[in-house]
$ cat query.cif   # mmCIF, C-alpha atoms
data_input
loop_
_atom_site.label_atom_id
_atom_site.label_comp_id
_atom_site.auth_asym_id
_atom_site.auth_seq_id
_atom_site.Cartn_x
_atom_site.Cartn_y
_atom_site.Cartn_z
CA MET C 1 102.16 164.09 144.49
CA GLU C 2 101.03 163.04 147.97
CA LYS C 3 100.67 159.26 148.34
CA ILE C 4 97.15 158.76 149.61
CA PHE C 5 96.45 155.06 149.01
CA ASP C 6 98.13 153.80 152.20
CA ASN C 7 95.50 155.45 154.40
CA THR C 8 93.67 152.36 155.67
CA GLU C 9 91.53 154.29 158.13
CA VAL C 10 89.79 155.98 155.19
CA ALA C 11 89.89 152.84 153.02
CA PHE C 12 88.07 150.61 155.50
CA ALA C 13 85.94 153.10 157.41
CA LEU C 14 82.75 151.25 156.38
CA LYS C 15 83.96 147.82 157.58
CA ASN C 16 83.70 146.65 161.17
CA ASN C 17 86.30 144.31 162.66
CA THR C 18 84.33 141.19 161.82
CA GLU C 19 84.07 142.24 158.17
CA LEU C 20 87.78 143.09 158.05
CA ASN C 21 88.74 139.67 159.41
CA LYS C 22 86.40 137.93 157.00
CA ALA C 23 87.92 139.82 154.06
CA TYR C 24 91.43 138.99 155.28
CA TYR C 25 90.81 135.26 155.40
CA LEU C 26 89.03 135.29 152.04
CA PHE C 27 92.01 136.95 150.35
CA LYS C 28 94.30 134.54 152.20
CA LEU C 29 92.49 131.66 150.48
CA ILE C 30 92.49 133.42 147.11
CA SER C 31 96.26 133.98 147.39
CA SER C 32 96.81 130.26 146.83
CA ASN C 33 96.61 129.28 143.16
CA THR C 34 96.21 125.64 144.17
CA LEU C 35 93.28 126.39 146.47
CA VAL C 36 91.59 128.53 143.81
CA LYS C 37 91.87 125.71 141.26
CA ILE C 38 90.57 123.13 143.73
CA GLY C 39 87.79 125.47 144.87
CA THR C 40 86.74 126.16 141.27
CA SER C 41 86.54 122.45 140.46
CA LEU C 42 84.64 121.64 143.65
CA THR C 43 82.22 124.53 143.14
CA ASN C 44 81.43 123.51 139.56
CA PHE C 45 81.01 119.87 140.64
CA ALA C 46 78.76 120.80 143.56
CA ILE C 47 76.51 122.95 141.38
CA SER C 48 76.28 120.33 138.60
CA THR C 49 75.33 117.62 141.12
CA ASN C 50 72.91 119.84 143.09
CA LEU C 51 74.86 119.70 146.33
CA PRO C 52 73.62 122.24 148.93
CA VAL C 53 76.45 124.78 148.60
CA LYS C 54 74.45 127.91 147.79
CA GLY C 55 74.53 129.19 151.38
CA LEU C 56 78.28 128.65 151.66
CA ILE C 57 78.99 130.48 148.39
CA LYS C 58 76.68 133.34 149.31
CA SER C 59 78.10 133.89 152.77
CA THR C 60 81.71 133.97 151.57
CA VAL C 61 82.89 134.98 148.11
CA PHE C 62 79.44 136.15 146.88
CA ASP C 63 78.87 138.58 149.75
CA HIS C 64 82.37 139.99 149.37
CA PHE C 65 82.30 140.63 145.62
CA CYS C 66 78.55 141.13 144.95
CA GLY C 67 75.89 143.55 146.09
CA GLY C 68 73.07 141.02 146.29
CA VAL C 69 70.80 138.70 144.37
CA THR C 70 68.49 141.45 143.07
CA GLU C 71 68.89 145.11 142.26
CA GLN C 72 66.82 145.91 145.37
CA ASP C 73 69.30 143.96 147.50
CA CYS C 74 72.06 146.26 146.27
CA LEU C 75 70.49 149.47 147.53
CA LYS C 76 71.73 149.00 151.10
CA VAL C 77 75.30 148.66 149.79
CA VAL C 78 74.79 151.56 147.34
CA ASP C 79 73.60 153.89 150.07
CA LYS C 80 76.33 152.81 152.49
CA MET C 81 79.14 153.44 149.99
CA TYR C 82 77.67 156.78 148.99
CA THR C 83 77.95 158.05 152.57
CA LYS C 84 81.68 158.17 151.74
CA GLY C 85 81.11 159.62 148.27
CA VAL C 86 81.71 156.38 146.35
CA SER C 87 79.10 155.82 143.64
CA SER C 88 77.88 152.47 142.26
CA VAL C 89 77.43 150.84 138.87
CA LEU C 90 74.83 148.09 139.14
CA ASP C 91 76.11 145.19 137.05
CA TYR C 92 73.79 142.28 136.27
CA SER C 93 76.63 139.73 136.16
CA VAL C 94 74.86 136.74 134.64
CA GLU C 95 77.02 135.20 131.91
CA GLY C 96 77.05 132.42 129.34
CA LYS C 97 73.38 132.45 128.39
CA GLU C 98 72.13 131.09 125.06
CA THR C 99 68.36 131.51 124.66
CA GLU C 100 66.22 134.38 123.44
CA GLU C 101 64.24 134.25 126.67
CA GLN C 102 67.44 134.73 128.67
CA PHE C 103 68.56 137.61 126.45
CA ASP C 104 65.19 139.32 126.80
CA LYS C 105 65.55 138.97 130.57
CA GLY C 106 69.03 140.52 130.31
CA LEU C 107 67.51 143.42 128.40
CA GLN C 108 64.82 143.97 131.04
CA MET C 109 67.34 143.81 133.89
CA THR C 110 69.52 146.40 132.17
CA LEU C 111 66.51 148.68 131.67
CA LYS C 112 65.74 148.29 135.38
CA THR C 113 69.24 149.39 136.32
CA ILE C 114 68.89 152.43 134.04
CA GLU C 115 65.69 153.31 135.88
CA PHE C 116 67.48 152.89 139.22
CA ALA C 117 70.27 155.15 138.00
CA LYS C 118 67.78 157.79 136.88
CA GLU C 119 66.26 157.89 140.36
CA ARG C 120 69.46 157.86 142.41
CA GLU C 121 72.40 160.25 142.39
CA ALA C 122 74.50 157.44 143.90
CA ILE C 123 74.19 155.39 140.66
CA PRO C 124 75.56 157.56 137.83
CA PHE C 125 76.10 154.73 135.31
CA ALA C 126 74.35 151.68 133.95
CA VAL C 127 76.25 148.84 132.26
CA PHE C 128 75.71 145.76 130.14
CA LYS C 129 77.70 143.09 128.34
CA PRO C 130 77.12 142.46 124.61
CA THR C 131 76.73 138.72 125.28
CA GLY C 132 74.09 139.56 127.87
CA VAL C 133 71.75 140.42 124.98
CA GLY C 134 72.88 137.99 122.27
CA ARG C 135 74.76 134.82 121.47
CA PHE C 136 78.55 134.94 121.43
CA TYR C 137 78.62 132.89 118.23
CA LEU C 138 76.68 135.51 116.30
CA TYR C 139 79.08 138.32 117.29
CA GLU C 140 81.96 136.11 116.24
CA LYS C 141 80.38 135.22 112.90
CA LYS C 142 79.42 138.84 112.21
CA GLY C 143 82.93 140.02 113.00
CA ASP C 144 84.38 137.46 110.60
CA ASN C 145 82.05 138.73 107.85
CA LEU C 146 80.52 135.28 107.41
CA PRO C 147 76.99 135.09 105.97
CA PHE C 148 74.10 134.50 108.35
CA THR C 149 71.32 132.03 107.71
CA ASP C 150 67.87 133.62 107.57
CA THR C 151 67.24 132.50 111.14
CA GLU C 152 70.58 133.89 112.31
CA GLN C 153 69.90 137.20 110.57
CA GLN C 154 66.61 137.52 112.42
CA GLU C 155 68.39 136.71 115.67
CA TRP C 156 71.09 139.31 114.92
CA ASN C 157 68.41 141.90 114.18
CA ARG C 158 67.03 141.29 117.66
CA ILE C 159 70.50 141.87 119.15
CA VAL C 160 70.72 145.20 117.32
CA GLU C 161 67.24 146.08 118.55
CA ARG C 162 68.16 145.26 122.17
CA PHE C 163 71.28 147.44 121.89
CA ASP C 164 69.21 150.30 120.57
CA ILE C 165 66.49 149.97 123.20
CA ILE C 166 69.10 150.08 125.99
CA CYS C 167 71.05 153.01 124.53
CA ARG C 168 67.92 154.98 123.61
CA THR C 169 66.52 154.49 127.12
CA ALA C 170 69.79 155.69 128.67
CA TYR C 171 69.71 158.73 126.36
CA GLU C 172 66.10 159.55 127.17
CA LYS C 173 66.70 159.24 130.93
CA ASP C 174 70.07 161.00 130.77
CA VAL C 175 71.95 158.08 132.34
CA LEU C 176 75.56 157.33 131.40
CA LEU C 177 75.95 153.84 129.91
CA LEU C 178 79.03 151.58 129.89
CA VAL C 179 79.22 148.74 127.36
CA ASP C 180 81.68 146.11 128.56
CA ALA C 181 84.28 144.53 126.28
CA GLU C 182 84.75 140.80 125.93
CA GLU C 183 86.96 138.37 123.98
CA SER C 184 88.76 139.78 120.94
CA TRP C 185 87.25 137.31 118.48
CA MET C 186 83.76 138.65 119.08
CA GLN C 187 84.67 142.25 119.84
CA ASP C 188 84.74 143.72 116.31
CA ALA C 189 81.00 143.20 115.86
CA ALA C 190 80.27 144.62 119.32
CA ASP C 191 82.51 147.64 118.62
CA ASP C 192 80.62 148.38 115.41
CA LEU C 193 77.32 148.28 117.28
CA VAL C 194 78.59 150.61 120.02
CA LEU C 195 79.98 153.04 117.43
CA ASN C 196 76.55 153.25 115.79
CA MET C 197 74.96 153.87 119.20
CA MET C 198 77.43 156.70 119.83
CA ARG C 199 76.49 158.21 116.47
CA ARG C 200 72.82 158.20 117.47
CA TYR C 201 72.91 159.13 121.15
CA ASN C 202 76.16 161.05 121.82
CA LYS C 203 75.42 164.13 119.73
CA GLU C 204 74.96 166.57 122.62
CA LYS C 205 77.24 164.87 125.17
CA CYS C 206 78.68 161.47 125.98
CA ILE C 207 76.01 158.98 127.02
CA VAL C 208 77.31 155.69 125.54
CA PHE C 209 80.81 154.50 126.51
CA ASN C 210 82.65 151.65 124.81
CA THR C 211 85.39 149.71 126.62
CA ALA C 212 89.05 149.48 125.58
CA GLN C 213 91.00 146.56 127.07
CA THR C 214 94.54 147.85 126.87
CA TYR C 215 96.24 144.50 127.32
CA ARG C 216 95.44 144.42 123.61
CA TRP C 217 98.26 146.17 121.77
CA ASP C 218 95.87 147.65 119.16
CA ARG C 219 93.53 149.48 121.54
CA PHE C 220 95.36 152.81 121.70
CA ASP C 221 94.99 153.20 117.94
CA PHE C 222 91.40 151.97 118.22
CA VAL C 223 90.54 154.71 120.73
CA LYS C 224 92.27 157.38 118.61
CA ASN C 225 90.52 156.21 115.43
CA THR C 226 87.11 156.16 117.13
CA HIS C 227 87.73 159.66 118.43
CA ALA C 228 88.69 160.83 114.93
CA ILE C 229 85.40 159.43 113.58
CA GLY C 230 83.51 161.24 116.32
CA LEU C 231 85.21 164.55 115.57
CA ARG C 232 84.61 164.15 111.84
CA GLU C 233 80.94 163.20 112.22
CA GLY C 234 80.12 165.46 115.17
CA PHE C 235 79.45 163.15 118.13
CA HIS C 236 81.05 162.62 121.53
CA VAL C 237 83.16 159.55 122.30
CA GLY C 238 83.36 157.83 125.67
CA PHE C 239 85.62 155.00 126.74
CA LYS C 240 86.01 152.91 129.82
CA VAL C 241 89.74 152.15 129.74
CA VAL C 242 90.85 148.98 131.54
CA ARG C 243 93.71 146.54 131.34
CA GLY C 244 91.49 143.54 130.62
CA ALA C 245 90.00 140.29 131.89
CA TYR C 246 90.62 137.51 129.35
CA MET C 247 94.39 137.45 128.91
CA GLU C 248 95.10 133.75 129.48
CA LYS C 249 92.19 132.69 127.29
CA GLU C 250 93.29 135.08 124.53
CA ARG C 251 96.87 133.80 124.45
CA ALA C 252 95.80 130.15 124.55
CA ARG C 253 93.40 130.59 121.62
CA ALA C 254 95.97 132.48 119.55
CA GLU C 255 98.50 129.70 120.08
CA GLU C 256 95.96 126.97 119.35
CA LYS C 257 94.76 128.58 116.12
CA GLY C 258 98.15 129.86 114.99
CA TYR C 259 97.54 133.61 114.76
CA PRO C 260 99.52 136.44 116.42
CA SER C 261 98.42 137.07 119.98
CA PRO C 262 96.35 140.25 120.35
CA ILE C 263 97.78 140.63 123.86
CA CYS C 264 100.79 142.76 124.75
CA ALA C 265 103.91 140.64 125.20
CA THR C 266 104.68 141.96 128.69
CA LYS C 267 102.95 143.53 131.67
CA ALA C 268 105.07 146.65 131.14
CA GLN C 269 103.69 147.01 127.61
CA THR C 270 100.14 146.67 128.91
CA ASP C 271 100.81 149.34 131.54
CA ALA C 272 102.29 151.62 128.90
CA THR C 273 99.29 151.14 126.58
CA PHE C 274 96.87 151.89 129.42
CA ASN C 275 98.76 155.02 130.47
CA LYS C 276 99.18 156.26 126.90
CA THR C 277 95.46 155.81 126.20
CA VAL C 278 94.40 157.62 129.37
CA THR C 279 96.88 160.43 128.67
CA TYR C 280 95.55 160.90 125.15
CA MET C 281 91.98 161.14 126.45
CA VAL C 282 92.81 163.65 129.17
CA GLU C 283 94.75 165.80 126.71
CA ASN C 284 91.71 165.78 124.39
CA LEU C 285 89.09 166.26 127.08
CA ASP C 286 87.77 169.43 125.48
CA ASN C 287 87.43 167.67 122.10
CA LYS C 288 84.24 165.70 122.74
CA ILE C 289 85.69 162.87 124.81
CA ALA C 290 84.93 161.32 128.22
CA LEU C 291 86.88 158.82 130.30
CA PHE C 292 86.01 156.11 132.82
CA ALA C 293 89.39 154.82 134.05
CA GLY C 294 88.80 151.34 135.43
CA THR C 295 91.97 150.43 137.29
CA HIS C 296 93.23 148.73 140.44
CA ASN C 297 96.75 149.96 139.72
CA GLU C 298 97.99 152.61 142.13
CA ASP C 299 100.66 153.96 139.78
CA SER C 300 98.14 154.50 136.97
CA SER C 301 95.74 156.15 139.41
CA TYR C 302 98.45 158.54 140.59
CA MET C 303 99.36 159.24 136.97
CA LEU C 304 95.77 160.20 136.14
CA MET C 305 95.55 162.38 139.23
CA ASP C 306 98.76 164.11 138.15
CA LEU C 307 97.41 164.61 134.61
CA LEU C 308 94.33 166.37 135.98
CA HIS C 309 96.60 168.63 138.03
CA GLN C 310 98.85 169.39 135.05
CA HIS C 311 95.90 170.32 132.83
CA ASN C 312 94.04 172.33 135.50
CA ILE C 313 91.11 169.93 135.41
CA SER C 314 88.90 169.84 138.49
CA HIS C 315 89.01 166.66 140.58
CA ASN C 316 85.27 166.23 140.14
CA ASP C 317 84.99 167.10 136.44
CA LYS C 318 82.09 164.88 135.33
CA ARG C 319 83.91 163.85 132.14
CA ILE C 320 86.43 161.82 134.14
CA TRP C 321 85.69 158.93 136.49
CA PHE C 322 87.82 156.42 138.35
CA GLY C 323 86.37 152.92 138.74
CA GLN C 324 87.11 149.76 140.71
CA LEU C 325 85.30 146.52 141.41
CA TYR C 326 83.31 146.05 144.60
CA GLY C 327 85.32 144.02 147.09
CA MET C 328 88.69 145.12 145.72
CA SER C 329 91.04 148.11 146.07
CA ASP C 330 89.05 149.99 148.68
CA ASN C 331 92.28 151.85 149.47
CA ILE C 332 92.09 153.41 146.00
CA SER C 333 88.32 154.00 145.81
CA TYR C 334 87.72 155.58 149.20
CA ASN C 335 90.88 157.65 149.31
CA LEU C 336 90.13 159.05 145.85
CA SER C 337 86.61 159.92 146.96
CA ASN C 338 87.98 161.45 150.15
CA ASN C 339 89.99 163.77 147.90
CA ASN C 340 86.91 164.75 145.83
CA TYR C 341 87.55 162.64 142.72
CA ASN C 342 84.65 160.96 140.92
CA VAL C 343 84.71 157.27 141.87
CA ALA C 344 82.30 154.44 141.06
CA LYS C 345 82.43 150.82 142.16
CA TYR C 346 81.13 148.09 139.86
CA LEU C 347 78.51 146.35 142.01
CA PRO C 348 77.63 142.91 140.53
CA PHE C 349 74.33 141.23 141.35
CA GLY C 350 72.30 138.24 140.21
CA PRO C 351 71.20 134.74 141.31
CA VAL C 352 74.03 133.12 143.27
CA PHE C 353 74.71 130.20 140.91
CA ASP C 354 74.34 132.39 137.80
CA VAL C 355 77.03 134.74 139.12
CA VAL C 356 79.53 131.93 139.86
CA PRO C 357 81.41 132.38 136.50
CA TYR C 358 81.99 136.03 137.44
CA LEU C 359 83.17 135.05 140.93
CA ILE C 360 85.57 132.47 139.51
CA ARG C 361 87.05 135.16 137.24
CA ARG C 362 87.55 137.45 140.22
CA ALA C 363 89.32 134.71 142.19
CA ASN C 364 91.53 133.82 139.24
CA GLU C 365 92.29 137.48 138.57
CA ASN C 366 93.42 138.08 142.13
CA THR C 367 95.61 134.98 141.96
CA SER C 368 97.18 135.79 138.59
CA VAL C 369 97.81 139.54 138.95
CA ALA C 370 101.19 139.91 140.57
CA GLY C 371 100.95 141.53 143.99
CA GLN C 372 97.19 142.21 143.91
CA THR C 373 96.17 139.79 146.66
CA ASN C 374 99.24 140.45 148.81
CA ARG C 375 98.49 144.16 148.60
CA GLU C 376 94.92 143.56 149.79
CA LEU C 377 96.20 141.36 152.64
CA ASP C 378 98.83 143.90 153.73
CA LEU C 379 96.29 146.72 153.84
CA LEU C 380 93.73 144.68 155.77
CA ASP C 381 96.41 143.55 158.23
CA LYS C 382 97.61 147.14 158.65
CA GLU C 383 94.10 148.37 159.47
CA LEU C 384 93.43 145.53 161.93
CA LYS C 385 96.68 146.34 163.74
CA ARG C 386 95.84 150.06 163.75
CA ARG C 387 92.49 149.37 165.39
CA ARG C 388 93.98 147.02 167.98
CA ALA C 389 96.53 149.69 168.91
CA ARG C 390 93.92 152.35 169.63
#
$ encode --input "query.cif" --output "structure tokens"
Amino acid sequence: MEKIFDNTEVAFALKNNTELNKAYYLFKLISSNTLVKIGTSLTNFAISTNLPVKGLIKSTVFDHFCGGVTEQDCLKVVDKMYTKGVSSVLDYSVEGKETEEQFDKGLQMTLKTIEFAKEREAIPFAVFKPTGVGRFYLYEKKGDNLPFTDTEQQEWNRIVERFDIICRTAYEKDVLLLVDAEESWMQDAADDLVLNMMRRYNKEKCIVFNTAQTYRWDRFDFVKNTHAIGLREGFHVGFKVVRGAYMEKERARAEEKGYPSPICATKAQTDATFNKTVTYMVENLDNKIALFAGTHNEDSSYMLMDLLHQHNISHNDKRIWFGQLYGMSDNISYNLSNNNYNVAKYLPFGPVFDVVPYLIRRANENTSVAGQTNRELDLLDKELKRRRAR
């Protein structure tokens, strides 16, 4: 298969030279684990002591990895990316909230993004995190089958209600909906909720998508078992398949509490689980299944492209999407789109300080994933040299 991801002219067509240089120096900083650790500590300290760092954060890492403060701010980015055929997934990336007022706000923001998606072809999906509409502790307790107090039961009922309101609204407005995955020790309860939403709203086609983090060694079987339930009960199953975002935290907790790690022992095993899961879904595409392949891995992207070719599946079959994060892997996103594949970028937004936990995860991810940052730097450098040589 033709190698398309080295085409930097296509990858960075929307960036001017100033933006390319800014991205290069940002990734240069992120490439240093020491600088990321120092920057994280300084950022958290500055925010906790009310130092005036908001402008600095916004003009650097925030602007690179986020679409804006509000959903309206994102529209300029959405429209710009769509000129090259790359769609957007508006992601209200506010994390770590604890109050009912905050969860109700999360619900309303998600409903807003569904409305945006209904009105714009460039936004085919909406998305939300389970902990954006309820306390982490309650998911954990529910998953462990521990009894709720009366107050906790009422609070859990409100979580279930928020899930249903979001999924029902997506169904009524015919908007595809991704439900993000989180830490394994709260995920069982979230998975049960998503399964029930699929039962209700995926009868005619796939509206609600769960997420499988394939750095967990059990997720291939989880996807197959969910699909079997869907076939038996007569509803469609959708999955966003990713490698995952909480690996270091997962391993540390497993070691601390003395249980087997849910994470694959090696990177090669994670890659194999991802590829096996994607392959299973493509091979069962006509059996009520839909795939959103969230990956920054070129080899896995080529593998999926090859699978579509092998099975005579159109590049733009609406049951299969490729996805990357805004600010990363433009060489994959824009070259896929340039070859008529369905591509959507996750476009985070939210108040600057509220989005900082997300930004810290992105910086740490780029530092910890072998080769990711160097690949970004090499591509940016290649494009800058190409432009200078013209």
$ residues_around --input "query.cif" --residues "stretch 219-224 of chain C" --least-positions-apart "2" --cutoff "10 Å" --atoms "all atoms listed in the file" --output "list in words"
Asp191, Asn210, Thr211, Ala212, Gln213, Thr214, Tyr215, Arg216, Trp217, Thr226, His227, Ala228, Ile229, Gly230, Val237, Gly238, Phe239, Val241, Pro262, Thr273, Phe274, Asn275, Lys276, Thr277, Val278, Tyr280 and Met281 of chain C
$ residues_around --input "query.cif" --residues "stretch 172-189 of chain C" --least-positions-apart "5" --cutoff "7 Å" --atoms "all atoms listed in the file" --output "number ranges by chain"
C: 114, 117-118, 124-129, 136, 139-140, 142-143, 207-212, 246
$ resolve_selection --input "query.cif" --expression "the PyMOL selection byres ((chain C and resi 249) around 12)" --output "number ranges by chain"
C: 182-185, 244-248, 250-256, 261-263, 361
$ resolve_selection --input "query.cif" --expression "the PyMOL selection byres ((chain C and resi 307) around 12)" --output "list in words"
Met1, Asn275, Lys276, Val278, Thr279, Tyr280, Met281, Val282, Glu283, Asn284, Leu285, Ser300, Ser301, Tyr302, Met303, Leu304, Met305, Asp306, Leu308, His309, Gln310, His311, Asn312, Ile313, Ser314, His315 and Ile320 of chain C
$ resolve_selection --input "query.cif" --expression "the PyMOL selection byres ((chain C and resi 334) around 8)" --output "VMD selection string"
chain C and resid 10 to 11 84 to 86 330 to 333 335 to 338
$ residues_around --input "query.cif" --residues "C:Phe292" --least-positions-apart "3" --cutoff "6 Å" --atoms "all atoms listed in the file" --output "number ranges by chain"
C: 240, 320-322
$ atom_distance --input "query.cif" --atom1 "atom CA of C:Val356" --atom2 "atom CA of C:Leu111"
22.7 Å
$ closest_residue --input "query.cif" --among "C:Gly350, C:Ile360, C:Gly234, C:Lys28" --to "C:Tyr92" --atoms "all atoms listed in the file"
C:Gly350
$ residues_around --input "query.cif" --residues "C:Lys345" --least-positions-apart "6" --cutoff "8 Å" --atoms "all atoms listed in the file" --output "ChimeraX atom specification"
/C:86-89,323-326,333
$ atom_distance --input "query.cif" --atom1 "atom CA of C:Thr266" --atom2 "atom CA of C:Met328"
23.6 Å
$ atom_distance --input "query.cif" --atom1 "atom CA of C:Lys318" --atom2 "atom CA of C:Glu121"
12.9 Å
$ closest_residue --input "query.cif" --among "C:Ala389, C:Asp192, C:Leu90, C:Leu380" --to "C:Asn16" --atoms "all atoms listed in the file"
C:Leu380
$ residues_near_point --input "query.cif" --point "(83.0, 141.2, 150.9)" --cutoff "12 Å" --atoms "all atoms listed in the file" --output "PyMOL selection string"
chain C and resi 12+14-16+18-27+57-68+77+325-330+347-348+359
$ residues_near_point --input "query.cif" --point "(74.3, 138.0, 136.7)" --cutoff "7 Å" --atoms "all atoms listed in the file" --output "short mmCIF file (atom, residue, chain, number, x, y, z; two decimals) with C-alpha atoms, in the frame of the given file"
data_model
loop_
_atom_site.label_atom_id
_atom_site.label_comp_id
_atom_site.auth_asym_id
_atom_site.auth_seq_id
_atom_site.Cartn_x
_atom_site.Cartn_y
_atom_site.Cartn_z
CA TYR C 92 73.79 142.28 136.27
CA SER C 93 76.63 139.73 136.16
CA VAL C 94 74.86 136.74 134.64
CA GLU C 95 77.02 135.20 131.91
CA PHE C 349 74.33 141.23 141.35
CA GLY C 350 72.30 138.24 140.21
CA PRO C 351 71.20 134.74 141.31
CA ASP C 354 74.34 132.39 137.80
CA VAL C 355 77.03 134.74 139.12
#
$ closest_residue --input "query.cif" --among "C:Arg243, C:Lys76, C:Arg319, C:Arg158" --to "C:Thr295" --atoms "only C-alpha atoms"
C:Arg243
$ closest_residue --input "query.cif" --among "C:Asn17, C:Lys203, C:Lys112, C:Tyr82" --to "C:Thr70" --atoms "all atoms listed in the file"
C:Lys112
$ closest_residue --input "query.cif" --among "C:Tyr358, C:Thr113, C:Asp378, C:Arg168" --to "C:Gln72" --atoms "all atoms listed in the file"
C:Thr113
$ closest_residue --input "query.cif" --among "C:Cys206, C:Ala122, C:Val242, C:Leu75" --to "C:Lys288" --atoms "only C-alpha atoms"
C:Cys206
$ build_atoms --input "query.cif" --residues "stretch 289-301 of chain C" --atoms "N, CA and C atoms" --output "mmCIF file, in the coordinates of the input"
data_model
loop_
_atom_site.group_PDB
_atom_site.id
_atom_site.type_symbol
_atom_site.label_atom_id
_atom_site.label_comp_id
_atom_site.auth_asym_id
_atom_site.auth_seq_id
_atom_site.Cartn_x
_atom_site.Cartn_y
_atom_site.Cartn_z
ATOM 1 N N ILE C 289 85.260 164.178 124.330
ATOM 2 C CA ILE C 289 85.690 162.870 124.810
ATOM 3 C C ILE C 289 85.412 162.780 126.305
ATOM 4 N N ALA C 290 85.169 161.549 126.793
ATOM 5 C CA ALA C 290 84.930 161.320 128.220
ATOM 6 C C ALA C 290 85.575 160.000 128.615
ATOM 7 N N LEU C 291 86.062 159.938 129.856
ATOM 8 C CA LEU C 291 86.880 158.820 130.300
ATOM 9 C C LEU C 291 86.339 158.214 131.594
ATOM 10 N N PHE C 292 86.231 156.886 131.599
ATOM 11 C CA PHE C 292 86.010 156.110 132.820
ATOM 12 C C PHE C 292 87.244 155.215 132.960
ATOM 13 N N ALA C 293 88.137 155.556 133.894
ATOM 14 C CA ALA C 293 89.390 154.820 134.050
ATOM 15 C C ALA C 293 89.183 153.696 135.064
ATOM 16 N N GLY C 294 89.011 152.492 134.569
ATOM 17 C CA GLY C 294 88.800 151.340 135.430
ATOM 18 C C GLY C 294 90.137 150.691 135.767
ATOM 19 N N THR C 295 90.646 150.955 136.964
ATOM 20 C CA THR C 295 91.970 150.430 137.290
ATOM 21 C C THR C 295 92.123 150.152 138.777
ATOM 22 N N HIS C 296 92.841 149.070 139.072
ATOM 23 C CA HIS C 296 93.230 148.730 140.440
ATOM 24 C C HIS C 296 94.721 148.994 140.641
ATOM 25 N N ASN C 297 95.319 149.698 139.702
ATOM 26 C CA ASN C 297 96.750 149.960 139.720
ATOM 27 C C ASN C 297 97.011 151.334 140.345
ATOM 28 N N GLU C 298 97.753 151.351 141.428
ATOM 29 C CA GLU C 298 97.990 152.610 142.130
ATOM 30 C C GLU C 298 98.803 153.581 141.284
ATOM 31 N N ASP C 299 99.819 153.075 140.584
ATOM 32 C CA ASP C 299 100.660 153.960 139.780
ATOM 33 C C ASP C 299 99.851 154.653 138.684
ATOM 34 N N SER C 300 98.973 153.902 138.018
ATOM 35 C CA SER C 300 98.140 154.500 136.970
ATOM 36 C C SER C 300 97.156 155.510 137.557
ATOM 37 N N SER C 301 96.659 155.215 138.752
ATOM 38 C CA SER C 301 95.740 156.150 139.410
ATOM 39 C C SER C 301 96.456 157.446 139.755
#
